[in-house]
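Novice: So I've got this file, structure09.cif, and it contains mmCIF, C-alpha atoms:
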data_data
loop_
_atom_site.label_atom_id
_atom_site.label_comp_id
_atom_site.auth_asym_id
_atom_site.auth_seq_id
_atom_site.Cartn_x
_atom_site.Cartn_y
_atom_site.Cartn_z
CA MET A 16 0.00 0.00 0.00
CA SER A 17 1.25 3.46 -0.78
CA THR A 18 1.79 6.14 1.85
CA ARG A 19 -1.16 8.08 0.45
CA ALA A 20 -3.44 5.06 1.09
CA TRP A 21 -2.10 4.72 4.63
CA LYS A 22 -2.70 8.39 5.33
CA LEU A 23 -6.22 8.11 3.98
CA ALA A 24 -6.86 5.01 6.11
CA ALA A 25 -5.59 6.83 9.20
CA LEU A 26 -7.83 9.81 8.44
CA VAL A 27 -10.88 7.59 7.99
CA LEU A 28 -10.13 5.74 11.24
CA SER A 29 -9.78 9.02 13.13
CA PHE A 30 -13.25 10.04 11.98
CA VAL A 31 -14.64 6.69 13.09
CA ILE A 32 -12.81 6.32 16.42
CA ALA A 33 -12.90 9.90 17.73
CA PRO A 34 -16.71 10.17 17.94
CA THR A 35 -16.91 6.76 19.59
CA VAL A 36 -14.39 7.78 22.25
CA ALA A 37 -16.18 11.08 22.78
CA ARG A 38 -19.52 9.27 23.20
CA ALA A 39 -17.98 6.76 25.61
CA GLN A 40 -16.87 9.60 27.86
CA ALA A 41 -20.23 11.41 27.71
CA MET A 42 -22.67 11.36 30.59
CA HIS A 43 -26.21 12.45 31.14
CA SER A 44 -27.17 15.92 32.26
CA VAL A 45 -30.66 16.92 33.29
CA CYS A 46 -31.66 20.32 31.93
CA LYS A 47 -33.68 22.88 33.89
CA ASP A 48 -36.69 22.26 31.65
CA GLY A 49 -36.61 18.51 32.50
CA THR A 50 -35.05 17.19 29.30
CA LYS A 51 -31.98 14.95 29.44
CA SER A 52 -28.80 15.54 27.48
CA MET A 53 -26.00 13.14 26.58
CA THR A 54 -23.48 15.93 27.00
CA ALA A 55 -21.91 17.40 30.09
CA GLY A 56 -19.90 20.47 30.80
CA ARG A 57 -19.85 23.74 28.93
CA GLY A 58 -22.73 24.14 26.50
CA ALA A 59 -24.75 21.23 27.82
CA CYS A 60 -28.46 22.14 27.85
CA SER A 61 -27.70 25.53 26.32
CA GLY A 62 -31.04 25.55 24.52
CA HIS A 63 -32.89 24.31 27.60
CA ASN A 64 -32.11 27.01 30.21
CA GLY A 65 -28.92 25.33 31.44
CA VAL A 66 -28.06 22.26 33.53
CA ASP A 67 -30.02 21.48 36.71
CA SER A 68 -27.14 20.09 38.77
CA ALA A 69 -29.29 18.85 41.68
CA ALA A 70 -31.60 16.96 39.31
CA THR A 71 -28.58 15.55 37.46
CA LYS A 72 -27.07 14.20 40.69
CA THR A 73 -30.41 12.71 41.72
CA PHE A 74 -30.91 11.12 38.30
CA LEU A 75 -27.44 9.56 38.21
CA ALA A 76 -27.75 8.30 41.80
CA SER A 77 -31.21 6.80 41.17
CA GLY A 78 -29.72 3.85 39.30
CA LYS A 79 -32.05 4.38 36.33
CA THR A 80 -29.17 4.89 33.95
CA PHE A 81 -27.90 2.15 31.68
CA MET A 82 -24.50 1.67 30.13
CA CYS A 83 -24.69 0.99 26.40
CA THR A 84 -22.29 -1.52 24.87
CA ASP A 85 -20.24 1.32 23.36
CA GLY A 86 -19.77 2.96 26.78
CA THR A 87 -22.33 5.77 26.56
CA MET A 88 -24.99 6.26 29.21
CA SER A 89 -28.71 6.15 28.48
CA ALA A 90 -31.93 6.48 30.43
CA GLY A 91 -33.86 3.22 30.37
CA GLY A 92 -37.05 2.64 28.44
CA ARG A 93 -38.01 1.76 24.93
CA GLY A 94 -35.19 2.28 22.47
CA ALA A 95 -32.53 2.78 25.13
CA CYS A 96 -29.11 2.43 23.51
CA SER A 97 -30.69 1.59 20.15
CA GLY A 98 -28.06 3.59 18.27
CA HIS A 99 -25.23 2.41 20.52
CA GLY A 100 -25.29 -1.36 20.10
CA GLY A 101 -27.87 -2.16 22.77
CA ILE A 102 -27.80 -2.14 26.56
CA GLY A 103 -24.51 -3.34 28.00
CA LYS A 104 -25.06 -3.46 31.74
CA LYS A 105 -27.06 -1.56 34.31
CA GLU A 106 -25.01 0.92 36.26
CA THR A 107 -25.38 0.31 39.99
CA PRO A 108 -24.61 3.26 42.24
CA LYS A 109 -21.83 2.78 44.79
CA ALA A 110 -24.22 3.46 47.68
CA GLU A 111 -26.47 0.60 46.56
CA LYS A 112 -23.51 -1.76 46.26
CA LYS A 113 -22.31 -0.74 49.70
CA GLU A 114 -25.78 -1.24 51.18
CA THR A 115 -26.08 -4.70 49.63
CA ALA A 116 -22.67 -5.71 50.95
CA LYS A 117 -23.59 -4.43 54.40
CA ALA A 118 -26.85 -6.43 54.41
CA GLU A 119 -25.02 -9.59 53.29
CA LYS A 120 -22.43 -9.12 56.03
CA LYS A 121 -25.17 -8.64 58.63
CA GLU A 122 -26.96 -11.77 57.41
CA THR A 123 -23.73 -13.78 57.60
CA LYS A 124 -23.11 -12.58 61.16
CA ALA A 125 -26.63 -13.63 62.15
CA GLU A 126 -26.11 -17.09 60.61
CA VAL A 127 -22.81 -17.52 62.46
CA LYS A 128 -24.45 -16.42 65.72
CA ASP A 129 -27.30 -18.93 65.21
CA ALA A 130 -24.82 -21.69 64.42
CA LYS A 131 -22.85 -20.97 67.61
CA ALA A 132 -26.03 -20.95 69.70
CA THR A 133 -27.10 -24.27 68.16
CA ALA A 134 -23.67 -25.76 68.89
CA ARG A 135 -23.87 -24.59 72.53
CA MET A 136 -27.34 -26.12 72.92
CA GLU A 137 -26.19 -29.42 71.40
CA LYS A 138 -23.19 -29.50 73.72
CA LYS A 139 -25.42 -28.81 76.71
CA ASP A 140 -27.85 -31.53 75.62
CA ALA A 141 -25.00 -34.01 75.20
CA LYS A 142 -23.76 -33.18 78.70
CA MET A 143 -27.26 -33.68 80.15
CA ASP A 144 -27.61 -37.00 78.30
CA LYS A 145 -24.28 -38.14 79.72
CA LYS A 146 -25.42 -37.25 83.26
CA ASP A 147 -28.71 -39.07 82.73
CA ASP A 148 -26.83 -42.16 81.48
CA LYS A 149 -24.60 -42.12 84.58
CA LYS A 150 -27.66 -41.87 86.85
CA ALA A 151 -29.35 -44.72 85.02
CA THR A 152 -26.19 -46.86 85.26
CA LYS A 153 -25.93 -46.19 89.01
CA ALA A 154 -29.59 -47.09 89.48
CA VAL A 155 -29.13 -50.37 87.57
CA LYS A 156 -26.02 -51.23 89.64
CA LYS A 157 -27.88 -50.38 92.84
CA ASP A 158 -30.82 -52.58 91.83
CA THR A 159 -28.54 -55.52 91.00
CA LYS A 160 -26.68 -55.24 94.35
CA ALA A 161 -29.87 -55.16 96.35
CA PRO A 162 -30.74 -58.58 97.87
CA ALA A 163 -33.82 -60.22 96.46
#
Starting from the coordinates I provided, produce the structure as structure tokens.

Specialist:
Amino acid sequence: MSTRAWKLAALVLSFVIAPTVARAQAMHSVCKDGTKSMTAGRGACSGHNGVDSAATKTFLASGKTFMCTDGTMSAGGRGACSGHGGIGKKETPKAEKKETAKAEKKETKAEVKDAKATARMEKKDAKMDKKDDKKATKAVKKDTKAPA
């Protein structure tokens, strides 16, 4: 291939890859009029009275955002990620992950506590059974020694 062909191939690839990378880094913004934008930063929601930062934080933390297979974020619903290769995976907020881990840890502690209590009760029962066996053995010996 000639150098001209290589240069042309590089130029074509830059036009294909650059928008994909830019979309992968994009995130949702919620505009003051309630619409959602795939852009963030300067100029986002410029035609919609600007970005509502509180609503954007709430929206992103709500867990209703989905990661498309190409890395862009999309609100769920019909046609979500239709132009981005489909839905990749649901984005789970860190707080939700932390809460789930905390609940699992608490459940595990409760199971361990129950297991220990059961083991203590079984040990106690075994001890009582042993005492009862000794008493029964003594009673049998006493009965056999007694004159008839």

Novice: Which value, in Å to one decimal, gives the distance between CA of Gly98 (chain A) and CA of Thr50 (chain A)?

Specialist: 18.9 Å

Novice: One number please: CA of Asp48 (chain A) to CA of Asp67 (chain A), in Å, one decimal.

Specialist: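 A separation of 8.4 Å between them.
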
Novice: What separation in Å, quoted to one decimal, exists between CA of Cys60 (chain A) and CA of Phe74 (chain A)?

Specialist: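 Rounded to one decimal, the two atoms are 15.4 Å apart.
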
Novice: Using only C-alpha atoms, which residue out of A:Ala154, A:Ala134, A:Val66, A:Val127 lies closest to Ser52 (chain A)?

Specialist: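 Under the stated criterion, the closest residue is A:Val66.
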
Novice: Applying 9 Å and all atoms listed in the file, which residues near Ala70 (chain A) remain after dropping the ones on its own chain fewer than 2 positions away? List them as a list in words.

Specialist: Ser44, Val45, Cys46, Lys47, Gly49, Val66, Asp67, Ser68, Lys72, Thr73, Phe74 and Leu75 of chain A
